[in-house]
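Engineer: For reference, this is input05.tsv, and it has TSV, C-alpha atoms.
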chain	number	residue	atom	x	y	z
V	1	ASP	CA	2.22	110.86	15.33
V	2	ALA	CA	0.12	108.54	13.22
V	3	GLY	CA	-2.49	106.63	15.16
V	4	VAL	CA	-2.66	108.66	18.38
V	5	THR	CA	-5.80	110.76	18.24
V	6	GLN	CA	-6.69	113.56	20.62
V	7	SER	CA	-9.97	115.43	20.93
V	8	PRO	CA	-10.98	118.13	20.75
V	9	THR	CA	-8.22	119.95	18.85
V	10	HIS	CA	-9.10	123.32	20.34
V	11	LEU	CA	-11.12	124.32	23.38
V	12	ILE	CA	-11.96	127.60	25.08
V	13	LYS	CA	-13.02	127.69	28.74
V	14	THR	CA	-13.35	130.30	31.44
V	15	ARG	CA	-11.71	130.41	34.85
V	16	GLY	CA	-13.23	128.05	37.40
V	17	GLN	CA	-14.69	125.67	34.84
V	18	GLN	CA	-13.78	122.01	34.41
V	19	VAL	CA	-12.50	120.33	31.24
V	20	THR	CA	-12.06	116.78	29.95
V	21	LEU	CA	-9.60	115.97	27.18
V	22	ARG	CA	-9.49	112.64	25.38
V	23	CYS	CA	-6.84	110.43	23.84
V	24	SER	CA	-7.37	107.36	21.66
V	25	PRO	CA	-4.60	104.82	21.36
V	26	LYS	CA	-2.38	103.59	18.65
V	27	SER	CA	-3.00	99.86	18.39
V	28	GLY	CA	-1.08	97.83	20.96
V	29	HIS	CA	0.12	100.76	23.07
V	30	ASP	CA	-1.04	100.10	26.62
V	31	THR	CA	0.71	102.89	28.53
V	32	VAL	CA	-0.40	106.49	28.20
V	33	SER	CA	1.24	109.68	29.43
V	34	TRP	CA	-0.05	113.24	29.46
V	35	TYR	CA	2.06	116.37	29.04
V	36	GLN	CA	1.39	120.09	29.31
V	37	GLN	CA	3.22	122.44	26.96
V	38	ALA	CA	3.07	126.16	27.67
V	39	LEU	CA	3.86	128.55	24.84
V	40	GLY	CA	7.58	128.61	24.08
V	41	GLN	CA	8.41	125.79	26.50
V	42	GLY	CA	9.10	122.10	26.19
V	43	PRO	CA	6.37	119.64	27.25
V	44	GLN	CA	6.10	118.92	30.99
V	45	PHE	CA	5.09	115.49	32.26
V	46	ILE	CA	1.75	115.39	34.11
V	47	PHE	CA	1.18	111.67	34.77
V	48	GLN	CA	1.26	108.19	33.28
V	49	TYR	CA	-1.35	105.43	33.28
V	50	TYR	CA	-0.86	101.70	32.85
V	51	GLU	CA	-3.45	99.00	33.42
V	52	GLU	CA	-5.97	101.69	34.34
V	53	GLU	CA	-3.89	102.97	37.26
V	54	GLU	CA	-1.78	106.09	37.70
V	55	ARG	CA	1.83	104.89	37.84
V	56	GLN	CA	3.88	108.09	37.79
V	57	ARG	CA	3.02	111.71	38.45
V	58	GLY	CA	4.82	114.95	37.77
V	59	ASN	CA	4.67	118.15	39.76
V	60	PHE	CA	1.03	119.01	39.07
V	61	PRO	CA	-1.73	119.71	41.63
V	62	ASP	CA	-4.65	117.40	42.35
V	63	ARG	CA	-6.83	119.53	40.08
V	64	PHE	CA	-5.28	117.44	37.32
V	65	SER	CA	-6.64	113.90	37.24
V	66	GLY	CA	-6.91	111.15	34.70
V	67	HIS	CA	-8.46	107.90	33.75
V	68	GLN	CA	-7.54	105.01	31.50
V	69	PHE	CA	-10.15	102.70	30.02
V	70	PRO	CA	-9.87	98.96	29.28
V	71	ASN	CA	-9.29	99.74	25.59
V	72	TYR	CA	-6.25	101.86	26.66
V	73	SER	CA	-7.88	105.17	25.72
V	74	SER	CA	-7.51	107.90	28.29
V	75	GLU	CA	-8.98	111.12	29.65
V	76	LEU	CA	-7.33	114.09	31.32
V	77	ASN	CA	-9.56	116.12	33.64
V	78	VAL	CA	-8.71	119.54	34.96
V	79	ASN	CA	-10.90	121.18	37.63
V	80	ALA	CA	-11.12	124.82	38.74
V	81	LEU	CA	-9.35	126.09	35.66
V	82	LEU	CA	-6.82	128.90	36.05
V	83	LEU	CA	-5.50	131.27	33.42
V	84	GLY	CA	-2.15	129.51	33.75
V	85	ASP	CA	-3.69	126.25	32.56
V	86	SER	CA	-3.77	127.66	29.04
V	87	ALA	CA	-1.48	125.34	27.10
V	88	LEU	CA	-1.17	122.56	24.54
V	89	TYR	CA	-2.03	119.24	26.20
V	90	LEU	CA	-0.30	116.24	24.66
V	91	CYS	CA	-1.02	112.56	25.00
V	92	ALA	CA	1.70	110.01	24.34
V	93	GLN	CA	1.35	106.27	24.12
V	94	TRP	CA	4.04	103.73	24.69
V	95	GLU	CA	4.55	99.99	24.24
V	96	GLY	CA	7.02	99.88	27.11
V	97	SER	CA	10.68	98.96	27.62
V	98	ASN	CA	13.06	100.97	25.43
V	99	GLN	CA	10.46	101.65	22.75
V	100	PRO	CA	9.69	105.29	21.92
V	101	GLN	CA	6.58	107.14	22.99
V	102	HIS	CA	4.35	108.38	20.19
V	103	PHE	CA	2.50	111.65	20.58
V	104	GLY	CA	-0.78	112.97	19.33
V	105	ASP	CA	-1.06	116.51	17.99
V	106	GLY	CA	-2.58	117.76	21.21
V	107	THR	CA	-5.51	119.80	22.43
V	108	ARG	CA	-5.00	123.56	22.53
V	109	LEU	CA	-6.77	124.79	25.69
V	110	SER	CA	-7.36	128.51	26.14
V	111	ILE	CA	-8.67	129.91	29.43
V	112	LEU	CA	-10.39	133.29	29.37
R	1	ASP	CA	15.23	119.22	35.37
R	2	ALA	CA	16.35	118.09	31.95
R	3	LYS	CA	19.57	116.08	31.93
R	4	THR	CA	20.60	117.39	28.52
R	5	THR	CA	22.04	120.63	27.16
R	6	GLN	CA	21.44	121.80	23.61
R	7	PRO	CA	22.19	125.04	21.73
R	8	PRO	CA	19.04	127.16	21.58
R	9	SER	CA	19.15	127.68	17.83
R	10	MET	CA	20.96	126.65	14.65
R	11	ASP	CA	20.73	127.44	10.95
R	12	CYS	CA	21.35	125.07	8.08
R	13	ALA	CA	21.32	125.53	4.31
R	14	GLU	CA	18.83	123.44	2.39
R	15	GLY	CA	20.44	120.29	1.00
R	16	ARG	CA	23.30	120.35	3.47
R	17	ALA	CA	23.72	118.09	6.48
R	18	ALA	CA	22.34	119.40	9.76
R	19	ASN	CA	24.37	118.33	12.80
R	20	LEU	CA	22.60	118.93	16.09
R	21	PRO	CA	24.71	118.44	19.23
R	22	CYS	CA	23.53	117.37	22.67
R	23	ASN	CA	25.42	117.16	25.93
R	24	HIS	CA	24.34	114.56	28.50
R	25	SER	CA	27.38	114.32	30.75
R	26	THR	CA	25.47	112.78	33.69
R	27	ILE	CA	23.87	109.98	31.69
R	28	SER	CA	23.55	106.65	33.53
R	29	GLY	CA	24.38	103.24	32.16
R	30	ASN	CA	20.74	102.24	31.71
R	31	GLU	CA	19.64	105.45	30.01
R	32	TYR	CA	18.92	105.74	26.33
R	33	VAL	CA	19.28	108.88	24.23
R	34	TYR	CA	16.09	109.82	22.39
R	35	TRP	CA	15.56	112.51	19.79
R	36	TYR	CA	12.23	114.08	18.99
R	37	ARG	CA	11.28	117.06	16.90
R	38	GLN	CA	8.28	119.33	17.03
R	39	ILE	CA	7.01	121.24	14.06
R	40	HIS	CA	4.87	124.24	14.92
R	41	SER	CA	1.40	123.34	16.19
R	42	GLN	CA	2.05	119.60	16.05
R	43	GLY	CA	2.92	117.01	18.68
R	44	PRO	CA	6.52	115.87	19.12
R	45	GLN	CA	7.61	113.37	16.48
R	46	TYR	CA	9.95	110.53	17.37
R	47	ILE	CA	13.13	110.50	15.28
R	48	ILE	CA	15.62	107.97	16.64
R	49	HIS	CA	17.10	106.55	19.84
R	50	GLY	CA	20.18	104.67	20.94
R	51	LEU	CA	22.08	103.33	23.92
R	52	LYS	CA	25.74	103.31	22.95
R	53	ASN	CA	26.04	102.29	19.32
R	54	ASN	CA	25.51	104.63	16.42
R	55	GLU	CA	22.06	104.28	14.89
R	56	THR	CA	20.59	105.14	11.50
R	57	ASN	CA	17.07	105.08	10.17
R	58	GLU	CA	15.21	106.63	7.26
R	59	MET	CA	15.04	109.99	9.00
R	60	ALA	CA	18.42	110.52	10.60
R	61	SER	CA	21.62	109.17	12.09
R	62	LEU	CA	22.56	109.26	15.77
R	63	ILE	CA	26.19	109.37	16.76
R	64	ILE	CA	26.94	108.73	20.45
R	65	THR	CA	30.44	109.33	21.79
R	66	GLU	CA	32.28	106.40	23.31
R	67	ASP	CA	31.95	107.83	26.83
R	68	ARG	CA	28.24	108.45	26.11
R	69	LYS	CA	28.46	111.99	27.47
R	70	SER	CA	27.35	113.60	24.24
R	71	SER	CA	25.63	112.80	20.98
R	72	THR	CA	24.91	114.32	17.58
R	73	LEU	CA	21.79	113.99	15.50
R	74	ILE	CA	22.52	114.18	11.78
R	75	LEU	CA	19.94	115.02	9.15
R	76	PRO	CA	21.92	114.15	6.02
R	77	HIS	CA	20.16	116.37	3.48
R	78	ALA	CA	18.09	119.00	5.29
R	79	THR	CA	14.94	120.30	3.63
R	80	LEU	CA	12.72	123.24	4.51
R	81	ARG	CA	10.30	120.77	6.11
R	82	ASP	CA	12.99	119.89	8.67
R	83	THR	CA	12.59	123.33	10.26
R	84	ALA	CA	11.47	122.48	13.80
R	85	VAL	CA	12.48	122.37	17.46
R	86	TYR	CA	14.65	119.31	18.13
R	87	TYR	CA	14.70	117.76	21.59
R	88	CYS	CA	17.38	115.46	22.97
R	89	ILE	CA	16.18	113.41	25.96
R	90	VAL	CA	17.78	110.74	28.13
R	91	ARG	CA	15.54	108.16	29.71
R	92	PRO	CA	16.03	104.80	31.43
R	93	TRP	CA	14.71	101.90	29.38
R	94	GLU	CA	12.11	101.06	32.00
R	95	GLY	CA	10.96	104.61	32.71
R	96	GLY	CA	8.04	106.20	30.92
R	97	LYS	CA	8.53	109.85	31.79
R	98	LEU	CA	10.23	112.08	29.22
R	99	ILE	CA	11.87	115.23	30.57
R	100	PHE	CA	12.08	117.85	27.84
R	101	GLY	CA	14.49	120.75	27.89
R	102	GLN	CA	14.25	123.82	25.69
R	103	GLY	CA	15.53	122.02	22.60
R	104	THR	CA	17.30	123.42	19.55
R	105	GLU	CA	15.32	125.48	17.08
R	106	LEU	CA	16.64	124.45	13.67
R	107	SER	CA	15.98	126.80	10.76
R	108	VAL	CA	16.63	125.36	7.31
R	109	LYS	CA	17.11	128.16	4.82
R	110	PRO	CA	16.92	128.07	1.00
Can I see the file as structure tokens?
Structural biologist:
Amino acid sequence: DAGVTQSPTHLIKTRGQQVTLRCSPKSGHDTVSWYQQALGQGPQFIFQYYEEEERQRGNFPDRFSGHQFPNYSSELNVNALLLGDSALYLCAQWEGSNQPQHFGDGTRLSIL
Amino acid sequence: DAKTTQPPSMDCAEGRAANLPCNHSTISGNEYVYWYRQIHSQGPQYIIHGLKNNETNEMASLIITEDRKSSTLILPHATLRDTAVYYCIVRPWEGGKLIFGQGTELSVKP
């Protein structure tokens, strides 16, 4: 969606490596969520950050961690990469309440 | 698990209305119905949401049954660019997490 920028767009890593993915906000959106989308599946919720703290977490191991900066941008870190971590990683930002979340176009991560 | 049920696929002729159904029989009183779509290799795109009244915007109309147990997304004049996977999601107004199901793969054909 317009205004939510993710980088890089594509990334190739090998098993055991670590990766950092980045998300830049749409103006005024202070809550950020990260999702993992495997091929042929719907996105799965990883976690959500608000006011620089993790507020909600999905069923993902501790290898997945995140950070939110004062300007609301965010990073997703994945350690000890596994082949199964190959997926599209999506960032969504949200103004709160009943407003919709707006997604970036994701980072396509391939693990060799 | 997703709280919605959608048909896995549908076809629609270009220029005709596309009506995409969604069942959410266990929806709670504070949960909204959201619709997103995802075109290949892009992030999900927000379409519309509603609580209990029918809603319309420049993209689509959302019809929610009186008992709120089901809804229909209507694309009034489908084009080839509407070919995508459409996701129906229920979410409480204060909750940030979106739980996606498998969605409906809509194919608009000439």
Engineer: For CA of Glu66 in chain R and CA of Asn23 in chain R, determine how far apart the two atoms are, in Å to one decimal place.
Structural biologist: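 Value for the CA of Glu66 in chain R-CA of Asn23 in chain R distance: 13.0 Å.
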Engineer: Would you write out, as a Markdown table, a table of all residues in chain R that have an atom no more than 9 Å from an atom of chain V, listing for each the closest atom pair and the distance in Å to one decimal, considering only C-alpha atoms and ordering rows by chain and rising residue number?
Structural biologist:
| residue | atom | partner | partner_atom | distance |
| --- | --- | --- | --- | --- |
| R:Tyr32 | CA | V:Asn98 | CA | 7.6 |
| R:Tyr34 | CA | V:Pro100 | CA | 7.9 |
| R:Ser41 | CA | V:Asp105 | CA | 7.5 |
| R:Gln42 | CA | V:Asp105 | CA | 4.8 |
| R:Gly43 | CA | V:Asp105 | CA | 4.1 |
| R:Pro44 | CA | V:Phe103 | CA | 6.0 |
| R:Gln45 | CA | V:Asp1 | CA | 6.1 |
| R:Tyr46 | CA | V:His102 | CA | 6.6 |
| R:Ile48 | CA | V:Pro100 | CA | 8.4 |
| R:His49 | CA | V:Pro100 | CA | 7.8 |
| R:Tyr87 | CA | V:Gly42 | CA | 8.4 |
| R:Arg91 | CA | V:Asn98 | CA | 8.7 |
| R:Pro92 | CA | V:Asn98 | CA | 7.7 |
| R:Trp93 | CA | V:Asn98 | CA | 4.4 |
| R:Glu94 | CA | V:Ser97 | CA | 5.1 |
| R:Gly95 | CA | V:Ser97 | CA | 7.6 |
| R:Gly96 | CA | V:Gln48 | CA | 7.4 |
| R:Lys97 | CA | V:Phe45 | CA | 6.6 |
| R:Leu98 | CA | V:Phe45 | CA | 6.9 |
| R:Ile99 | CA | V:Gln44 | CA | 6.9 |
| R:Phe100 | CA | V:Gly42 | CA | 5.4 |
| R:Gly101 | CA | V:Gly42 | CA | 5.8 |
| R:Gln102 | CA | V:Gly42 | CA | 5.5 |
| R:Gly103 | CA | V:Gly42 | CA | 7.4 |
Engineer: Could you name the residues that touch Pro8 in chain V at 8 Å or less, counting only C-alpha atoms, but leaving out those on the same chain fewer than 2 positions away, as a VMD selection string?
Structural biologist: chain V and resid 6 10 to 11 21 to 22 107
Engineer: Write the residues you've just listed into a file as a PDB file, in the coordinates of the input, and include C-alpha atoms for each of them.
Structural biologist:
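This is the output file selection34.pdb:
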ATOM      1  CA  GLN V   6      -6.690 113.560  20.620  1.00  0.00           C
ATOM      2  CA  HIS V  10      -9.100 123.320  20.340  1.00  0.00           C
ATOM      3  CA  LEU V  11     -11.120 124.320  23.380  1.00  0.00           C
ATOM      4  CA  LEU V  21      -9.600 115.970  27.180  1.00  0.00           C
ATOM      5  CA  ARG V  22      -9.490 112.640  25.380  1.00  0.00           C
ATOM      6  CA  THR V 107      -5.510 119.800  22.430  1.00  0.00           C
TER       7      THR V 107
END
Engineer: What's around Met10 in chain R at 7 Å? Count only C-alpha atoms, leave out sequence neighbours fewer than 4 positions away in its own chain, and write the answer as a list in words.
Structural biologist: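 Answer for this query is Thr104, Glu105, Leu106 and Ser107 of chain R.
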Engineer: Print the selection's residues with C-alpha atoms to a file, as a PDB file, in the frame of the given file.
Structural biologist:
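Result saved to selection_32.pdb:
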ATOM      1  CA  THR R 104      17.300 123.420  19.550  1.00  0.00           C
ATOM      2  CA  GLU R 105      15.320 125.480  17.080  1.00  0.00           C
ATOM      3  CA  LEU R 106      16.640 124.450  13.670  1.00  0.00           C
ATOM      4  CA  SER R 107      15.980 126.800  10.760  1.00  0.00           C
TER       5      SER R 107
END
Engineer: Find the residues near Ser74 in chain V: any atom within 8 Å, counting only C-alpha atoms, skip ones fewer than 2 places away on the same chain, and give them as an NGL selection string.
Structural biologist: :V and (22-24 or 32 or 66-69 or 72 or 76)
Engineer: Those selected residues, please, written with C-alpha atoms and delivered as a PDB file, in the coordinates of the input.
Structural biologist:
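File produced: result.pdb:
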ATOM      1  CA  ARG V  22      -9.490 112.640  25.380  1.00  0.00           C
ATOM      2  CA  CYS V  23      -6.840 110.430  23.840  1.00  0.00           C
ATOM      3  CA  SER V  24      -7.370 107.360  21.660  1.00  0.00           C
ATOM      4  CA  VAL V  32      -0.400 106.490  28.200  1.00  0.00           C
ATOM      5  CA  GLY V  66      -6.910 111.150  34.700  1.00  0.00           C
ATOM      6  CA  HIS V  67      -8.460 107.900  33.750  1.00  0.00           C
ATOM      7  CA  GLN V  68      -7.540 105.010  31.500  1.00  0.00           C
ATOM      8  CA  PHE V  69     -10.150 102.700  30.020  1.00  0.00           C
ATOM      9  CA  TYR V  72      -6.250 101.860  26.660  1.00  0.00           C
ATOM     10  CA  LEU V  76      -7.330 114.090  31.320  1.00  0.00           C
TER      11      LEU V  76
END
Engineer: Go ahead and fit an axis-aligned box to every listed atom of range 10-22 of chain R plus 3 Å each side, and pass me the centre and edge lengths in Å, one decimal, as lines of an AutoDock Vina configuration file.
Structural biologist:
center_x = 21.8
center_y = 122.4
center_z = 11.8
size_x = 11.9
size_y = 16.1
size_z = 27.7
Engineer: Could you check which of R:Lys3, R:Arg37, R:Lys109, R:Arg16 is closest to Pro76 in chain R, using all atoms listed in the file?
Structural biologist: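 So, comparing all the options, the nearest one is R:Arg16.
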Engineer: Measure the distance from CA of Thr72 in chain R to CA of Ile39 in chain R in Å and round it to one decimal.
Structural biologist: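 Computing the Euclidean distance for CA of Thr72 in chain R and CA of Ile39 in chain R yields 19.5 Å.
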Engineer: For a test of reading the model, state the distance in Å between CA of Glu14 in chain R and CA of Gly50 in chain R, rounded to one decimal.
Structural biologist: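 About the pair CA of Glu14 in chain R and CA of Gly50 in chain R: they are 26.4 Å apart.
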Engineer: I want to know what sits within 9 Å of Ser65 in chain V, based on only C-alpha atoms, with residues of the same chain fewer than 2 positions away left out; could you give that as a PyMOL selection string?
Structural biologist: chain V and resi 47+61-63+67+75-79
Engineer: Those selected residues, please, written with C-alpha atoms and delivered as a compact mmCIF listing (two decimals), keeping the file's coordinate frame.
Structural biologist:
# COMPACT_ATOMS: atom_id res chain seq x y z
CA PHE V 47 1.18 111.67 34.77
CA PRO V 61 -1.73 119.71 41.63
CA ASP V 62 -4.65 117.40 42.35
CA ARG V 63 -6.83 119.53 40.08
CA HIS V 67 -8.46 107.90 33.75
CA GLU V 75 -8.98 111.12 29.65
CA LEU V 76 -7.33 114.09 31.32
CA ASN V 77 -9.56 116.12 33.64
CA VAL V 78 -8.71 119.54 34.96
CA ASN V 79 -10.90 121.18 37.63
Engineer: Between R:Asn19, R:Thr56, R:Ser25, R:Thr65, which is the closest to Ala78 in chain R once you count all atoms listed in the file?
Structural biologist: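 Result for the nearest residue to Ala78 in chain R: R:Asn19.
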Engineer: Identify which of the residues R:Ala18, R:Val108, R:Ile89, R:Cys12 lies closest to Ala60 in chain R, counting all atoms listed in the file when measuring atom-to-atom distances.
Structural biologist: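 Ranking R:Ala18, R:Val108, R:Ile89, R:Cys12 by distance to Ala60 in chain R, first place goes to R:Ala18.
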Engineer: When distances are computed from all atoms listed in the file, which of V:Thr9, V:Ala87, V:Asn71, V:Glu51 shows the smallest separation from Gly28 in chain V?
Structural biologist: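 The shortest atom-to-atom distance to Gly28 in chain V comes from V:Asn71.
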Engineer: Write out as a list in words each polymer residue whose atoms come within 10 Å of Gly84 in chain V, counting only C-alpha atoms; drop sequence neighbours fewer than 4 positions from it.
Structural biologist: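 Residues near the query, excluding close chain neighbours: Arg15, Ala38, Ser110 and Ile111 of chain V.
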Engineer: Just checking: using all atoms listed in the file, which residue out of V:Gly3, V:Ser86, V:Glu52, V:Leu39 ends up closest to Pro70 in chain V?
Structural biologist: V:Glu52
Engineer: Output range 73-84 of chain V with all heavy atoms present, as a PDB file, in the frame of the given file.
Structural biologist:
ATOM      1  N   SER V  73      -7.653 103.742  25.913  1.00  0.00           N
ATOM      2  CA  SER V  73      -7.880 105.170  25.720  1.00  0.00           C
ATOM      3  C   SER V  73      -7.853 105.869  27.078  1.00  0.00           C
ATOM      4  O   SER V  73      -7.909 105.220  28.130  1.00  0.00           O
ATOM      5  CB  SER V  73      -9.201 105.419  25.004  1.00  0.00           C
ATOM      6  OG  SER V  73     -10.287 105.016  25.816  1.00  0.00           O
ATOM      7  N   SER V  74      -7.741 107.181  27.045  1.00  0.00           N
ATOM      8  CA  SER V  74      -7.510 107.900  28.290  1.00  0.00           C
ATOM      9  C   SER V  74      -8.189 109.256  28.280  1.00  0.00           C
ATOM     10  O   SER V  74      -8.473 109.813  27.210  1.00  0.00           O
ATOM     11  CB  SER V  74      -6.006 108.073  28.505  1.00  0.00           C
ATOM     12  OG  SER V  74      -5.721 108.833  29.661  1.00  0.00           O
ATOM     13  N   GLU V  75      -8.464 109.763  29.474  1.00  0.00           N
ATOM     14  CA  GLU V  75      -8.980 111.120  29.650  1.00  0.00           C
ATOM     15  C   GLU V  75      -8.093 111.869  30.629  1.00  0.00           C
ATOM     16  O   GLU V  75      -7.551 111.286  31.581  1.00  0.00           O
ATOM     17  CB  GLU V  75     -10.398 111.087  30.215  1.00  0.00           C
ATOM     18  CG  GLU V  75     -11.444 110.601  29.244  1.00  0.00           C
ATOM     19  CD  GLU V  75     -12.840 110.631  29.852  1.00  0.00           C
ATOM     20  OE1 GLU V  75     -12.974 110.818  31.077  1.00  0.00           O
ATOM     21  OE2 GLU V  75     -13.804 110.452  29.073  1.00  0.00           O
ATOM     22  N   LEU V  76      -7.967 113.176  30.380  1.00  0.00           N
ATOM     23  CA  LEU V  76      -7.330 114.090  31.320  1.00  0.00           C
ATOM     24  C   LEU V  76      -8.404 115.072  31.768  1.00  0.00           C
ATOM     25  O   LEU V  76      -9.078 115.681  30.937  1.00  0.00           O
ATOM     26  CB  LEU V  76      -6.183 114.848  30.639  1.00  0.00           C
ATOM     27  CG  LEU V  76      -5.650 116.092  31.367  1.00  0.00           C
ATOM     28  CD1 LEU V  76      -4.995 115.704  32.685  1.00  0.00           C
ATOM     29  CD2 LEU V  76      -4.653 116.843  30.486  1.00  0.00           C
ATOM     30  N   ASN V  77      -8.589 115.192  33.075  1.00  0.00           N
ATOM     31  CA  ASN V  77      -9.560 116.120  33.640  1.00  0.00           C
ATOM     32  C   ASN V  77      -8.830 117.208  34.410  1.00  0.00           C
ATOM     33  O   ASN V  77      -7.901 116.915  35.166  1.00  0.00           O
ATOM     34  CB  ASN V  77     -10.511 115.395  34.593  1.00  0.00           C
ATOM     35  CG  ASN V  77     -11.260 114.271  33.904  1.00  0.00           C
ATOM     36  OD1 ASN V  77     -12.105 114.510  33.058  1.00  0.00           O
ATOM     37  ND2 ASN V  77     -10.930 113.034  34.248  1.00  0.00           N
ATOM     38  N   VAL V  78      -9.262 118.431  34.201  1.00  0.00           N
ATOM     39  CA  VAL V  78      -8.710 119.540  34.960  1.00  0.00           C
ATOM     40  C   VAL V  78      -9.873 120.317  35.574  1.00  0.00           C
ATOM     41  O   VAL V  78     -10.773 120.757  34.862  1.00  0.00           O
ATOM     42  CB  VAL V  78      -7.853 120.492  34.108  1.00  0.00           C
ATOM     43  CG1 VAL V  78      -7.166 121.530  34.990  1.00  0.00           C
ATOM     44  CG2 VAL V  78      -6.822 119.717  33.298  1.00  0.00           C
ATOM     45  N   ASN V  79      -9.857 120.448  36.907  1.00  0.00           N
ATOM     46  CA  ASN V  79     -10.900 121.180  37.630  1.00  0.00           C
ATOM     47  C   ASN V  79     -10.442 122.592  37.972  1.00  0.00           C
ATOM     48  O   ASN V  79      -9.236 122.883  37.990  1.00  0.00           O
ATOM     49  CB  ASN V  79     -11.246 120.449  38.921  1.00  0.00           C
ATOM     50  CG  ASN V  79     -11.858 119.102  38.657  1.00  0.00           C
ATOM     51  OD1 ASN V  79     -12.641 118.939  37.726  1.00  0.00           O
ATOM     52  ND2 ASN V  79     -11.483 118.124  39.460  1.00  0.00           N
ATOM     53  N   ALA V  80     -11.419 123.463  38.256  1.00  0.00           N
ATOM     54  CA  ALA V  80     -11.120 124.820  38.740  1.00  0.00           C
ATOM     55  C   ALA V  80     -10.059 125.484  37.897  1.00  0.00           C
ATOM     56  O   ALA V  80      -9.002 125.884  38.389  1.00  0.00           O
ATOM     57  CB  ALA V  80     -10.715 124.760  40.217  1.00  0.00           C
ATOM     58  N   LEU V  81     -10.336 125.591  36.613  1.00  0.00           N
ATOM     59  CA  LEU V  81      -9.350 126.090  35.660  1.00  0.00           C
ATOM     60  C   LEU V  81      -8.822 127.474  36.031  1.00  0.00           C
ATOM     61  O   LEU V  81      -9.578 128.361  36.456  1.00  0.00           O
ATOM     62  CB  LEU V  81      -9.961 126.116  34.257  1.00  0.00           C
ATOM     63  CG  LEU V  81     -10.141 124.749  33.600  1.00  0.00           C
ATOM     64  CD1 LEU V  81     -11.064 124.855  32.395  1.00  0.00           C
ATOM     65  CD2 LEU V  81      -8.800 124.144  33.222  1.00  0.00           C
ATOM     66  N   LEU V  82      -7.509 127.627  35.833  1.00  0.00           N
ATOM     67  CA  LEU V  82      -6.820 128.900  36.050  1.00  0.00           C
ATOM     68  C   LEU V  82      -6.308 129.416  34.710  1.00  0.00           C
ATOM     69  O   LEU V  82      -6.112 128.642  33.769  1.00  0.00           O
ATOM     70  CB  LEU V  82      -5.643 128.720  37.006  1.00  0.00           C
ATOM     71  CG  LEU V  82      -5.952 128.113  38.367  1.00  0.00           C
ATOM     72  CD1 LEU V  82      -4.646 127.835  39.115  1.00  0.00           C
ATOM     73  CD2 LEU V  82      -6.852 129.024  39.166  1.00  0.00           C
ATOM     74  N   LEU V  83      -6.046 130.716  34.647  1.00  0.00           N
ATOM     75  CA  LEU V  83      -5.500 131.270  33.420  1.00  0.00           C
ATOM     76  C   LEU V  83      -4.216 130.563  33.008  1.00  0.00           C
ATOM     77  O   LEU V  83      -3.956 130.344  31.827  1.00  0.00           O
ATOM     78  CB  LEU V  83      -5.237 132.772  33.576  1.00  0.00           C
ATOM     79  CG  LEU V  83      -6.463 133.672  33.750  1.00  0.00           C
ATOM     80  CD1 LEU V  83      -6.044 135.121  33.949  1.00  0.00           C
ATOM     81  CD2 LEU V  83      -7.397 133.563  32.549  1.00  0.00           C
ATOM     82  N   GLY V  84      -3.420 130.179  34.008  1.00  0.00           N
ATOM     83  CA  GLY V  84      -2.150 129.510  33.750  1.00  0.00           C
ATOM     84  C   GLY V  84      -2.268 128.106  33.197  1.00  0.00           C
ATOM     85  O   GLY V  84      -1.257 127.505  32.817  1.00  0.00           O
TER      86      GLY V  84
END
